[in-house]
Amino acid sequence: MADERLIVALDFHKFDEVKNLVNDLGDSVIFYKVGMELFYSVGAGVIDWLKSQNKKVFLDLKLHDIPNTVAGGLCSLMNLGADILNVHAAGGFTMMKNAAEALREESAKRGIVKPKLIAITVLTSINQAEWCGALKISEQVVQFAKLAQDAGLDGVVASPQEAKLIRENCGENFLIVTPGIRPAGSDINDQSRISTPAAALKNGANYLVIGRPIRAAENPKLAAEKILAEMSEV
Ligand code: C5P
């Protein structure tokens, strides 16, 4: 039943809550996302623990600073053993290029597998009404995706609604990670540019990041299984 394309977001601030959910979901979930809420409160130990449970980790700290600082920060984070790290594409081409090069060089020097590096395009919580960019959101997302690809990144984080356009523009080997996933009938919360798990996969997403629809469900394991069943049909 497990499907590596499902990444469950561990947006908790207590280690016990993480352990309870991961133990509850058991073998059905392989990939977890550690974001700022958890990392800032619990620290790197949570990544060690997830790795000891044979889980994969997307460390979602969304770095955004000058090129030298981001490259150095990523090299420090690489020591923690996460499988995916990320930066904001809005940090610019040079920032992304230096970051990708630093990770490639450092991982080769240390003899470790390079974590995938992906870029946040436009947050899935932003809608057209509050968007203040000159381009349409979808055009900006595609522009960021192409910039990230040219800079040597492995992929992007984007809304499932933009996955198809990114796939068309960036080809088959570019990773597309989509939060903003809501199974039919579930609460939207603060997300805006959403779609169902099946629609996201059909539009070309490689990984689905799902938090509250599983974490806040009355029965998280059942919620995950329903999502996995929907995913298995695509
Ligand atoms: O609970 P929900 O399913 O909305 O969680 C989505 C997760 O994906 C959150 O941890 C959020 O930080 C993250 N995320 C996002 N939009 C992005 C990048 C990451 O919602 N563009």
# chains A, B, ... in the order shown; residues from 1 in each chain; ligands from 1
>>> residues_near_ligand(ligand="ligand 1", cutoff="9 Å", atoms="only C-alpha atoms and all ligand atoms", output="PDB file with N, CA and C atoms, in the first residue's frame")
ATOM      1  N   VAL A   8       4.039  13.141   3.896  1.00  0.00           N
ATOM      2  CA  VAL A   8       3.161  13.667   4.948  1.00  0.00           C
ATOM      3  C   VAL A   8       3.896  14.769   5.715  1.00  0.00           C
ATOM      4  N   ALA A   9       3.240  15.948   5.798  1.00  0.00           N
ATOM      5  CA  ALA A   9       3.848  17.107   6.474  1.00  0.00           C
ATOM      6  C   ALA A   9       3.667  16.985   7.989  1.00  0.00           C
ATOM      7  N   LEU A  10       4.802  16.972   8.698  1.00  0.00           N
ATOM      8  CA  LEU A  10       4.781  16.859  10.163  1.00  0.00           C
ATOM      9  C   LEU A  10       4.806  18.257  10.780  1.00  0.00           C
ATOM     10  N   ASP A  11       3.709  18.986  10.612  1.00  0.00           N
ATOM     11  CA  ASP A  11       3.668  20.347  11.157  1.00  0.00           C
ATOM     12  C   ASP A  11       3.231  20.328  12.619  1.00  0.00           C
ATOM     13  N   LYS A  33       7.698  15.241   5.674  1.00  0.00           N
ATOM     14  CA  LYS A  33       8.250  16.597   5.535  1.00  0.00           C
ATOM     15  C   LYS A  33       8.412  17.224   6.911  1.00  0.00           C
ATOM     16  N   VAL A  34       9.635  17.692   7.174  1.00  0.00           N
ATOM     17  CA  VAL A  34       9.916  18.438   8.398  1.00  0.00           C
ATOM     18  C   VAL A  34      10.006  19.901   8.004  1.00  0.00           C
ATOM     19  N   GLY A  35       9.107  20.712   8.548  1.00  0.00           N
ATOM     20  CA  GLY A  35       9.090  22.135   8.203  1.00  0.00           C
ATOM     21  C   GLY A  35       9.595  22.980   9.351  1.00  0.00           C
ATOM     22  N   MET A  36       9.419  24.291   9.201  1.00  0.00           N
ATOM     23  CA  MET A  36      10.013  25.183  10.207  1.00  0.00           C
ATOM     24  C   MET A  36       9.404  25.043  11.594  1.00  0.00           C
ATOM     25  N   GLU A  37       8.111  24.791  11.688  1.00  0.00           N
ATOM     26  CA  GLU A  37       7.491  24.671  13.019  1.00  0.00           C
ATOM     27  C   GLU A  37       8.180  23.558  13.822  1.00  0.00           C
ATOM     28  N   ASP A  60      11.986  21.067   4.790  1.00  0.00           N
ATOM     29  CA  ASP A  60      11.362  22.211   4.098  1.00  0.00           C
ATOM     30  C   ASP A  60      11.613  23.495   4.887  1.00  0.00           C
ATOM     31  N   LEU A  61      12.837  24.037   4.749  1.00  0.00           N
ATOM     32  CA  LEU A  61      13.168  25.255   5.501  1.00  0.00           C
ATOM     33  C   LEU A  61      13.176  26.505   4.602  1.00  0.00           C
ATOM     34  N   LYS A  62      12.929  26.312   3.312  1.00  0.00           N
ATOM     35  CA  LYS A  62      12.720  27.426   2.368  1.00  0.00           C
ATOM     36  C   LYS A  62      13.762  28.532   2.516  1.00  0.00           C
ATOM     37  N   ILE A 120      11.043  26.698  -4.203  1.00  0.00           N
ATOM     38  CA  ILE A 120       9.652  27.148  -4.038  1.00  0.00           C
ATOM     39  C   ILE A 120       9.372  28.159  -5.153  1.00  0.00           C
ATOM     40  N   THR A 121       8.260  28.003  -5.838  1.00  0.00           N
ATOM     41  CA  THR A 121       7.892  28.976  -6.871  1.00  0.00           C
ATOM     42  C   THR A 121       7.009  30.053  -6.214  1.00  0.00           C
ATOM     43  N   VAL A 122       5.683  29.901  -6.331  1.00  0.00           N
ATOM     44  CA  VAL A 122       4.763  30.831  -5.638  1.00  0.00           C
ATOM     45  C   VAL A 122       3.963  29.995  -4.644  1.00  0.00           C
ATOM     46  N   LEU A 123       3.942  30.407  -3.390  1.00  0.00           N
ATOM     47  CA  LEU A 123       3.274  29.627  -2.342  1.00  0.00           C
ATOM     48  C   LEU A 123       1.838  29.271  -2.736  1.00  0.00           C
ATOM     49  N   THR A 124       1.448  28.054  -2.377  1.00  0.00           N
ATOM     50  CA  THR A 124       0.107  27.572  -2.762  1.00  0.00           C
ATOM     51  C   THR A 124      -1.014  28.270  -1.996  1.00  0.00           C
ATOM     52  N   SER A 125      -0.655  29.028  -0.959  1.00  0.00           N
ATOM     53  CA  SER A 125      -1.669  29.763  -0.191  1.00  0.00           C
ATOM     54  C   SER A 125      -2.048  31.091  -0.872  1.00  0.00           C
ATOM     55  N   ILE A 126      -1.229  31.537  -1.826  1.00  0.00           N
ATOM     56  CA  ILE A 126      -1.478  32.849  -2.462  1.00  0.00           C
ATOM     57  C   ILE A 126      -2.480  32.698  -3.610  1.00  0.00           C
ATOM     58  N   VAL A 157       8.750  23.283  -6.068  1.00  0.00           N
ATOM     59  CA  VAL A 157       7.502  23.127  -5.324  1.00  0.00           C
ATOM     60  C   VAL A 157       6.516  24.093  -5.966  1.00  0.00           C
ATOM     61  N   ALA A 158       5.339  23.601  -6.310  1.00  0.00           N
ATOM     62  CA  ALA A 158       4.345  24.459  -6.957  1.00  0.00           C
ATOM     63  C   ALA A 158       2.960  23.940  -6.637  1.00  0.00           C
ATOM     64  N   SER A 159       1.965  24.709  -7.046  1.00  0.00           N
ATOM     65  CA  SER A 159       0.592  24.254  -6.844  1.00  0.00           C
ATOM     66  C   SER A 159       0.286  23.139  -7.846  1.00  0.00           C
ATOM     67  N   VAL A 177       6.915  18.933  -6.959  1.00  0.00           N
ATOM     68  CA  VAL A 177       6.404  18.585  -5.628  1.00  0.00           C
ATOM     69  C   VAL A 177       5.232  19.528  -5.357  1.00  0.00           C
ATOM     70  N   THR A 178       4.062  18.958  -5.070  1.00  0.00           N
ATOM     71  CA  THR A 178       2.885  19.829  -4.912  1.00  0.00           C
ATOM     72  C   THR A 178       2.234  19.706  -3.539  1.00  0.00           C
ATOM     73  N   PRO A 179       2.295  20.803  -2.739  1.00  0.00           N
ATOM     74  CA  PRO A 179       1.396  20.919  -1.591  1.00  0.00           C
ATOM     75  C   PRO A 179       0.054  21.435  -2.133  1.00  0.00           C
ATOM     76  N   GLY A 180      -0.832  21.865  -1.248  1.00  0.00           N
ATOM     77  CA  GLY A 180      -2.127  22.353  -1.727  1.00  0.00           C
ATOM     78  C   GLY A 180      -2.988  21.204  -2.214  1.00  0.00           C
ATOM     79  N   ILE A 181      -2.818  20.043  -1.591  1.00  0.00           N
ATOM     80  CA  ILE A 181      -3.609  18.871  -1.983  1.00  0.00           C
ATOM     81  C   ILE A 181      -4.789  18.718  -1.012  1.00  0.00           C
ATOM     82  N   ARG A 182      -5.968  18.631  -1.556  1.00  0.00           N
ATOM     83  CA  ARG A 182      -7.154  18.435  -0.729  1.00  0.00           C
ATOM     84  C   ARG A 182      -8.047  17.368  -1.359  1.00  0.00           C
ATOM     85  N   ILE A 188     -10.358  23.358   3.114  1.00  0.00           N
ATOM     86  CA  ILE A 188      -9.292  24.003   2.327  1.00  0.00           C
ATOM     87  C   ILE A 188      -8.240  24.618   3.259  1.00  0.00           C
ATOM     88  N   ASN A 189      -8.651  25.032   4.478  1.00  0.00           N
ATOM     89  CA  ASN A 189      -7.776  25.743   5.439  1.00  0.00           C
ATOM     90  C   ASN A 189      -7.234  27.020   4.790  1.00  0.00           C
ATOM     91  N   ASP A 190      -5.910  27.277   4.938  1.00  0.00           N
ATOM     92  CA  ASP A 190      -5.358  28.524   4.371  1.00  0.00           C
ATOM     93  C   ASP A 190      -4.829  28.343   2.952  1.00  0.00           C
ATOM     94  N   GLN A 191      -5.063  27.184   2.341  1.00  0.00           N
ATOM     95  CA  GLN A 191      -4.563  26.971   0.979  1.00  0.00           C
ATOM     96  C   GLN A 191      -5.499  27.609  -0.038  1.00  0.00           C
ATOM     97  N   VAL A 209       2.601  16.711  -1.192  1.00  0.00           N
ATOM     98  CA  VAL A 209       2.819  17.022   0.227  1.00  0.00           C
ATOM     99  C   VAL A 209       1.458  17.234   0.871  1.00  0.00           C
ATOM    100  N   ILE A 210       1.137  16.413   1.848  1.00  0.00           N
ATOM    101  CA  ILE A 210      -0.193  16.507   2.466  1.00  0.00           C
ATOM    102  C   ILE A 210      -0.043  16.577   3.979  1.00  0.00           C
ATOM    103  N   GLY A 211      -0.632  17.602   4.579  1.00  0.00           N
ATOM    104  CA  GLY A 211      -0.543  17.784   6.024  1.00  0.00           C
ATOM    105  C   GLY A 211      -1.870  17.570   6.701  1.00  0.00           C
ATOM    106  N   ARG A 212      -2.634  18.668   6.845  1.00  0.00           N
ATOM    107  CA  ARG A 212      -3.860  18.617   7.643  1.00  0.00           C
ATOM    108  C   ARG A 212      -4.886  17.569   7.218  1.00  0.00           C
ATOM    109  N   PRO A 213      -5.068  17.292   5.928  1.00  0.00           N
ATOM    110  CA  PRO A 213      -6.056  16.261   5.588  1.00  0.00           C
ATOM    111  C   PRO A 213      -5.732  14.895   6.212  1.00  0.00           C
ATOM    112  N   ILE A 214      -4.466  14.667   6.567  1.00  0.00           N
ATOM    113  CA  ILE A 214      -4.112  13.418   7.263  1.00  0.00           C
ATOM    114  C   ILE A 214      -3.928  13.694   8.749  1.00  0.00           C
ATOM    115  N   ARG A 215      -3.076  14.667   9.062  1.00  0.00           N
ATOM    116  CA  ARG A 215      -2.695  14.927  10.454  1.00  0.00           C
ATOM    117  C   ARG A 215      -3.883  15.295  11.335  1.00  0.00           C
ATOM    118  N   ALA A 216      -4.804  16.101  10.778  1.00  0.00           N
ATOM    119  CA  ALA A 216      -5.929  16.576  11.595  1.00  0.00           C
ATOM    120  C   ALA A 216      -7.177  15.712  11.428  1.00  0.00           C
TER     121      ALA A 216
END
>>> select_by_dssp(residues="region 60-153 of chain A", states="helix (DSSP H, G or I)", output="VMD selection string")
chain A and resid 67 to 78 89 to 91 93 to 110 137 to 150
>>> select_by_dssp(residues="region 22-201 of chain A", states="strand (DSSP E or B)", output="JSON, numbers by chain")
{"A": [31, 32, 33, 34, 35, 56, 57, 58, 59, 60, 61, 62, 63, 84, 85, 86, 87, 88, 116, 117, 118, 119, 120, 155, 156, 157, 175, 176, 177, 178, 181, 195]}
>>> residues_around(residues="region 72-78 of chain A", least_positions_apart="4", cutoff="8 Å", atoms="only C-alpha atoms", output="CSV table (one decimal) with N, CA, C and O atoms, in the first residue's frame")
chain,number,residue,atom,x,y,z
A,68,ASN,N,25.9,33.5,-1.0
A,68,ASN,CA,26.9,32.9,-0.2
A,68,ASN,C,26.3,32.3,1.1
A,68,ASN,O,26.7,31.1,1.5
A,82,ALA,N,18.9,14.7,5.2
A,82,ALA,CA,17.6,14.8,4.5
A,82,ALA,C,17.8,14.5,3.0
A,82,ALA,O,18.8,14.6,2.5
A,85,LEU,N,16.1,19.1,0.0
A,85,LEU,CA,16.2,20.4,0.7
A,85,LEU,C,15.6,21.5,-0.3
A,85,LEU,O,15.5,21.2,-1.5
A,99,ALA,N,23.9,27.6,-4.9
A,99,ALA,CA,23.5,26.6,-4.0
A,99,ALA,C,23.6,25.2,-4.5
A,99,ALA,O,24.1,24.2,-3.9
A,102,ALA,N,27.3,24.2,-4.8
A,102,ALA,CA,27.9,23.9,-3.4
A,102,ALA,C,27.5,22.5,-3.0
A,102,ALA,O,28.3,21.8,-2.4
A,103,LEU,N,26.2,22.2,-3.2
A,103,LEU,CA,25.7,20.9,-2.7
A,103,LEU,C,26.4,19.8,-3.5
A,103,LEU,O,26.8,18.7,-3.0
A,106,GLU,N,30.2,19.7,-2.4
A,106,GLU,CA,30.4,19.2,-1.0
A,106,GLU,C,30.0,17.7,-0.9
A,106,GLU,O,30.7,16.9,-0.1
A,115,PRO,N,21.6,15.5,-1.7
A,115,PRO,CA,20.2,15.6,-1.5
A,115,PRO,C,19.6,16.3,-2.8
A,115,PRO,O,20.3,17.1,-3.4
>>> residues_around(residues="Leu50 (chain A)", least_positions_apart="6", cutoff="12 Å", atoms="only C-alpha atoms", output="list in words")
Leu10, Phe15, Val18, Lys19, Leu21, Val22, Asn23, Gly26, Val29, Ile30, Phe31, Tyr32, Lys33, Val34, Ala44, Lys56, Val57, Phe58, Leu59, Leu80, Gly81, Ala82 and Asp83 of chain A
>>> atom_distance(atom1="CA of Ile66 (chain A)", atom2="CA of Val42 (chain A)")
26.4 Å
>>> closest_residue(among="A:Glu230, A:Gly133, A:Leu147, A:Ala119", to="Ala184 (chain A)", atoms="only C-alpha atoms")
A:Glu230
>>> atom_distance(atom1="CA of Glu172 (chain A)", atom2="CA of Gln143 (chain A)")
17.0 Å
>>> residues_around(residues="Asp3 (chain A)", least_positions_apart="4", cutoff="10 Å", atoms="only C-alpha atoms", output="list in words")
Ile7, Asp27, Ser28, Val29, Ile30, Phe31, Tyr207, Leu228, Ala229, Met231 and Ser232 of chain A
>>> atom_distance(atom1="CA of Asn203 (chain A)", atom2="CA of Asn173 (chain A)")
14.5 Å
>>> residues_around(residues="Ser41 (chain A)", least_positions_apart="2", cutoff="8 Å", atoms="only C-alpha atoms", output="VMD selection string")
chain A and resid 13 to 14 37 to 39 43
>>> residues_around(residues="Phe144 (chain A)", least_positions_apart="4", cutoff="10 Å", atoms="only C-alpha atoms", output="list in words")
His88, Ala89, Ala90, Gly92, Phe93, Ala119, Ile120, Thr121, Val122, Ser138, Glu139, Gln140, Ala148, Gln149, Asp150, Val156, Ala158 and Ile166 of chain A
>>> closest_residue(among="A:Phe174, A:Tyr40, A:Thr196, A:Gly204", to="Glu162 (chain A)", atoms="only C-alpha atoms")
A:Gly204
>>> closest_residue(among="A:Gly45, A:Glu168, A:Ala2, A:Glu105", to="Ile227 (chain A)", atoms="only C-alpha atoms")
A:Ala2
